[in-house]
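S.K.: Please read through the structure below; I'll follow up with questions.
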Amino acid sequence: AKFYGNIVTEGRDQGSVVFPDAELKVYLDADVTERARRRYEQLREQGQPADFEKILERLKDRDHRDRTRVVSPLVIPEQAVVLDTTHMTPAEVLKRLVQLVKEREQQ
């Protein structure tokens, strides 16, 4: 990252393990039911079969595994801005992320 300058990465351990000294860390979160609904709609739009209950259960299982794993468990990184996107559109999320970057640049 130092070689390339400003970069944006995403992943469940980016701010806690991969880039613990990042200037800006954002922890995106959303209610698991909303995340399942989004995935369900995404699959349907792609013409793929989708079972909401199975998607919901898989997300719950994944979250549990990620939070309880020994190596790089899912945590909210220190100094991270927590952004609950449950009731936000993708455009609203992007707008808020850009705002956070601009605020950080002014510091």
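Residue names in the structure tokens use chain letters A, B, ... in the order shown, residue numbers from 1 in each chain, and ligand numbers from 1 in the order shown.
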Would you list the contacts of A:Val101 as a PyMOL selection string, taking every protein, DNA or RNA residue within 12 Å and counting only C-alpha atoms, but skipping same-chain residues closer than 4 positions in sequence?
M.R.: chain A and resi 6-8+22-26+81+94-97+105-107
S.K.: Quick one: write out the picked residues with N, CA, C and O atoms as a short mmCIF file (atom, residue, chain, number, x, y, z; two decimals), in the first residue's frame?
M.R.:
data_model
loop_
_atom_site.label_atom_id
_atom_site.label_comp_id
_atom_site.auth_asym_id
_atom_site.auth_seq_id
_atom_site.Cartn_x
_atom_site.Cartn_y
_atom_site.Cartn_z
N ASN A 6 -2.44 6.14 -1.89
CA ASN A 6 -3.81 5.95 -1.41
C ASN A 6 -4.48 4.80 -2.14
O ASN A 6 -4.52 4.77 -3.37
N ILE A 7 -4.99 3.86 -1.37
CA ILE A 7 -5.70 2.72 -1.95
C ILE A 7 -6.97 2.46 -1.15
O ILE A 7 -7.10 2.91 -0.02
N VAL A 8 -7.86 1.72 -1.77
CA VAL A 8 -9.08 1.28 -1.10
C VAL A 8 -9.11 -0.23 -1.21
O VAL A 8 -8.91 -0.78 -2.29
N ALA A 22 -3.99 1.81 8.86
CA ALA A 22 -4.64 2.60 7.83
C ALA A 22 -5.13 3.93 8.39
O ALA A 22 -5.57 4.01 9.55
N GLU A 23 -5.06 4.95 7.58
CA GLU A 23 -5.51 6.28 8.01
C GLU A 23 -7.01 6.33 8.21
O GLU A 23 -7.50 7.07 9.05
N LEU A 24 -7.75 5.57 7.44
CA LEU A 24 -9.20 5.52 7.58
C LEU A 24 -9.65 4.07 7.48
O LEU A 24 -9.34 3.38 6.51
N LYS A 25 -10.36 3.64 8.49
CA LYS A 25 -10.94 2.30 8.50
C LYS A 25 -12.45 2.46 8.65
O LYS A 25 -12.90 3.18 9.54
N VAL A 26 -13.19 1.81 7.79
CA VAL A 26 -14.64 1.86 7.86
C VAL A 26 -15.14 0.44 7.99
O VAL A 26 -14.81 -0.43 7.18
N VAL A 81 -14.54 3.67 11.78
CA VAL A 81 -15.85 4.30 11.73
C VAL A 81 -16.83 3.18 11.40
O VAL A 81 -16.66 2.48 10.41
N LEU A 94 -22.01 5.05 -0.67
CA LEU A 94 -20.88 5.64 -1.39
C LEU A 94 -20.70 7.11 -1.03
O LEU A 94 -19.58 7.57 -0.78
N LYS A 95 -21.78 7.84 -0.97
CA LYS A 95 -21.72 9.26 -0.61
C LYS A 95 -21.10 9.44 0.77
O LYS A 95 -20.25 10.31 0.98
N ARG A 96 -21.50 8.61 1.72
CA ARG A 96 -20.96 8.70 3.08
C ARG A 96 -19.48 8.33 3.10
O ARG A 96 -18.68 8.96 3.80
N LEU A 97 -19.09 7.32 2.34
CA LEU A 97 -17.68 6.93 2.28
C LEU A 97 -16.81 8.05 1.71
O LEU A 97 -15.74 8.36 2.24
N GLU A 105 -9.03 13.77 4.88
CA GLU A 105 -8.02 14.54 4.15
C GLU A 105 -7.84 15.94 4.73
O GLU A 105 -6.76 16.51 4.64
N GLN A 106 -8.88 16.48 5.32
CA GLN A 106 -8.83 17.83 5.89
C GLN A 106 -8.17 17.87 7.26
O GLN A 106 -7.87 18.95 7.76
N GLN A 107 -7.95 16.73 7.84
CA GLN A 107 -7.34 16.69 9.18
C GLN A 107 -5.84 16.83 9.12
O GLN A 107 -5.17 16.56 8.23
#
S.K.: Any chance you could list, as a PyMOL selection string, the residues in chain A that come up alpha helix (DSSP H) when DSSP is run on the backbone?
M.R.: chain A and resi 32-45+52-68+90-105
S.K.: Just the residues within 12 Å of A:Ala80, please, counting only C-alpha atoms, with nothing from its chain fewer than 2 positions along; format it as a list in words.
M.R.: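 My list of contacting residues is Asp13, Gln14, Gly15, Ser16, Phe19, Pro20, Asp21, Ala22, Glu23, Leu24, Lys25, Val26, Tyr27, Leu28, Asp29, Val75, Ile76, Pro77, Glu78, Val82, Leu83 and Leu100 of chain A.
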S.K.: Just list as JSON, numbers by chain whatever in chain A DSSP marks as strand (DSSP E or B).
M.R.: {"A": [26, 27, 28, 29, 81, 82, 83, 84]}
S.K.: When you draw a straight line from atom CA of A:Val17 to atom CA of A:Gln79, how long is it in Å?
M.R.: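 Spanning atom CA of A:Val17 to atom CA of A:Gln79 is a straight-line distance of 13.3 Å.
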S.K.: How many Å separate atom CA of A:His87 from atom CA of A:Val18?
M.R.: 28.6 Å
S.K.: Quick one: of A:Gly11, A:Pro90, A:Arg39, A:Val32, who's nearest to A:Asp61, counting only C-alpha atoms?
M.R.: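 Looking at the shortest contact to A:Asp61, the residue is A:Val32.
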S.K.: State, in Å with one decimal place, the distance from atom CA of A:Ala1 to atom CA of A:Arg35.
M.R.: 29.6 Å
S.K.: When you look at A:Phe52 with a cut-off of 12 Å (counting only C-alpha atoms), what residues show up, excluding the ones that are within fewer than 6 positions of it in the same chain? I need them as a list of chain:residue names.
M.R.: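 Listing them by chain and then by number gives A:Val32, A:Thr33, A:Glu34, A:Arg35, A:Ala36, A:Arg37, A:Arg38, A:Arg39, A:Tyr40, A:Glu41, A:Gln42, A:Leu43, A:Arg44, A:Arg58, A:Leu59.
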S.K.: I'd like the neighbourhood of A:Pro73 as a PDB file with C-alpha atoms, in the first residue's frame, where a residue qualifies if any of its atoms comes within 9 Å (using only C-alpha atoms), though same-chain residues fewer than 5 positions away should be ignored.
M.R.:
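Output contents, as saved in part_12.pdb:
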ATOM      1  CA  ARG A  12     -13.399  -8.737   6.691  1.00  0.00           C
ATOM      2  CA  ASP A  13      -9.869  -8.349   8.081  1.00  0.00           C
ATOM      3  CA  SER A  16      -7.711  -5.292  11.809  1.00  0.00           C
ATOM      4  CA  ARG A  65     -17.470 -18.792  11.883  1.00  0.00           C
ATOM      5  CA  ASP A  66     -15.735 -15.517  11.072  1.00  0.00           C
ATOM      6  CA  ARG A  67     -16.211 -14.111  14.585  1.00  0.00           C
ATOM      7  CA  THR A  68     -15.007 -17.256  16.329  1.00  0.00           C
TER       8      THR A  68
END
